[in-house]
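These notes concern the structure reproduced below.
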Amino acid sequence: MTPEFARHLAETLAEIEQQGLMKRERPIATPQGGHVEVDGREMLNLCANNYLGLADDPRLVAAAKASLDADGYGMASVRFICGTKPMHRELERALARFLGKEDAILFAACFDANGGLFEPLLGAEDAVISDALNHASIIDGVRLCKAQRYRYANSDMDDLEAQLKAARAAGARHILIATDGVFSMDGYLAKLPEITALAGRYDAMVMVDDCHATGFMGPQGRGTPHHHGVADKVDILTGTLGKALGGALGGYIAGPQAVVDLLRQRARPYLFSNSLPPAVVAAGLEALRIVEAGDALRARLFENAAYWRGGLQSLGFDLLPGEHPIVPVMLGDARLSQEMATRLYEHGVYVAGFFFPVVPKGTARIRTQMNAALSRADLDQALDAFGKAGRETGVLS
Ligand SMILES: *Cc1c(COP(=O)(O)O)cnc(C)c1O
């Protein structure tokens with residue numbers, strides 16, 4: 001490394017530190033779950049994407065262990081050379097069936113799925129219209145394709161229509177609207193009924209990244225398109241095995257057969273990156289089985305979310321409205337959100353504060369996430385901690 005480059009790195013890191021944006025990772029000693037041990041202390045965990053509490057589920061652990069014994073550890077190949085086992089196709093077919101699509105294709109992560117989706121499907125004659133709050137992986141994926149790019153303000157349907165008109169006026173051949181199914185900083189759902197209606201009117205297609213919904217939103221947890229009753233109007237779905245579906249890793253794209261077939265030939269993160277390990281695929285299949293029969297888990301999750309939301313409201317906190325298990329506690333000031341997170345940590349509750357540039361200035365918050373692994377007693381304990389931290393920081397009087 002040249003001295004100039006070393007200086008450049010040191011300066012950049014110092015700048016991050018000085019702006020108070022340095023992210024520090026706290027090692028968790030226990031399996032991921034409702035209760036975790038951090039810094040030698042037991043904490044309630046309100047910041048995992050472990051919506052159904054499956055991350056430490058013994059059935060998933062057993063499925064992964066059995067697969068390690070039966071199938072070995074790694075595939076040491078991409079899918080098309082010698083990295084495909086019957087279970088890979090089985091999981092793809094199971095995901096497609098679950099989501100109501102013709103087929104699905106696995107990736108190492110949803111970040112890769114979104115990174116590989118756009119470039120093979122769309123060319124310079126085409127247009128992608130993207131919600132301004134879409135996940136970083138959609139933004140990057142769109143950057144990698146040659147299509148004309150349009151952006152609309154978050155969930156602003158007038159703006160979406162204006163962008164559709166602009167793309168049509170510019171002579172776009174194919175138009176794809178891309179949106180998160182759930183915007184994870186707010187827990188707001190994308191307005192899929194309006195989006196799909198507009199798509200119909202302007203002859204556009206719709207892609208939904210349903211990472212924060214698959215497994216628990218909508219009937220049988222089939223996601224936001226089913227939740228809104230517009231599943232047949234959403235062309236392409238992307239998602240992850242890294243959140244509600246067990247929390248390990250793995251991503252997928254589900255959609256029409258021809259889309260999946262072409263991605264299998266052309267999607268670069270699929271062609272040039274390793275096959276998912278068998279243990280992850282086996283546990284993924286087990287997770288999907290549990291999720292398909294998981295009405296009790298989903299009921300528990302939404303009961304917890306309603307109780308949590310009601311409890312925070314009674315304490316006097318300012319919440320964003322919503323139905324999703326993401327419940328953001330609005331604090332406004334960045335420093336206040338950090339102080340609140342620190343106090344909560346001291347009171348045994350693990351949460352994350354979010355502030356600019358992750359969310360707009362003046363809208364700093366603590367994002368809490370409910371899951372099915374938390375008991376009523378856990379929630380009461382967490383509410384007690386929020387009450388104390390709120391009074392200590394002056395958020396509550
Ligand atoms: C978490 C998330 C991703 C990334 O998923 P990974 O499988 O962890 O790469 C992509 N999009 C959205 C909307 C997400 O929430």
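In the structure tokens, the first chain shown is A, the next is B, and so on; residue numbers restart at 1 for each chain, and ligands run from 1 in the order shown.
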>> Give me the residues near Tyr51 of chain A as a ChimeraX atom specification, where near means some atom within 9 Å (using only C-alpha atoms) and where sequence neighbours in that chain fewer than 2 positions away do not count.
In response: /A:48-49,53-54,212,215-216,243-245,298,301,325,369-373
>> Which residues are near ligand 1 - at most 9 Å, using only C-alpha atoms and all ligand atoms? Format: as a ChimeraX atom specification.
In response: /A:49,107-114,134-138,179-184,208-213,238-243,247-252
>> Among segment 54-280 of chain A, which residues does DSSP mark as helix (DSSP H, G or I) when it is run on the backbone? Keep the chain and numbering as in the structure and answer as an MDAnalysis selection string.
In response: chainID A and resid 58:71 79:82 86:99 110:121 136:143 157:169 192:201 219:221 224:227 231:233 257:266 268:271 278:280
>> According to DSSP computed on the backbone, where in segment 44-258 of chain A is there strand (DSSP E)? Give the residues as a PyMOL selection string.
In response: chain A and resi 44-45+103-107+127-131+148-152+175-180+182-183+188-189+205-209+236-240+251-255
> Nearest to Leu383 of chain A: which of A:Phe118, A:Trp308, A:Phe354, A:Tyr202 is it, counting only C-alpha atoms?
Replying inline: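 Residue with the minimum atom-to-atom distance to Leu383 of chain A: A:Trp308.
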> Which residues come within 7 Å of Gln163 of chain A, counting only C-alpha atoms, excluding same-chain residues fewer than 3 positions away, as JSON, numbers by chain?
Replying inline: {"A": [150, 152, 159, 160, 166, 167]}
> How many Å lie between atom CA of Ala127 of chain A and atom CA of Tyr270 of chain A, rounded to one decimal?
Replying inline: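 Here the two named atoms are 23.1 Å from each other.
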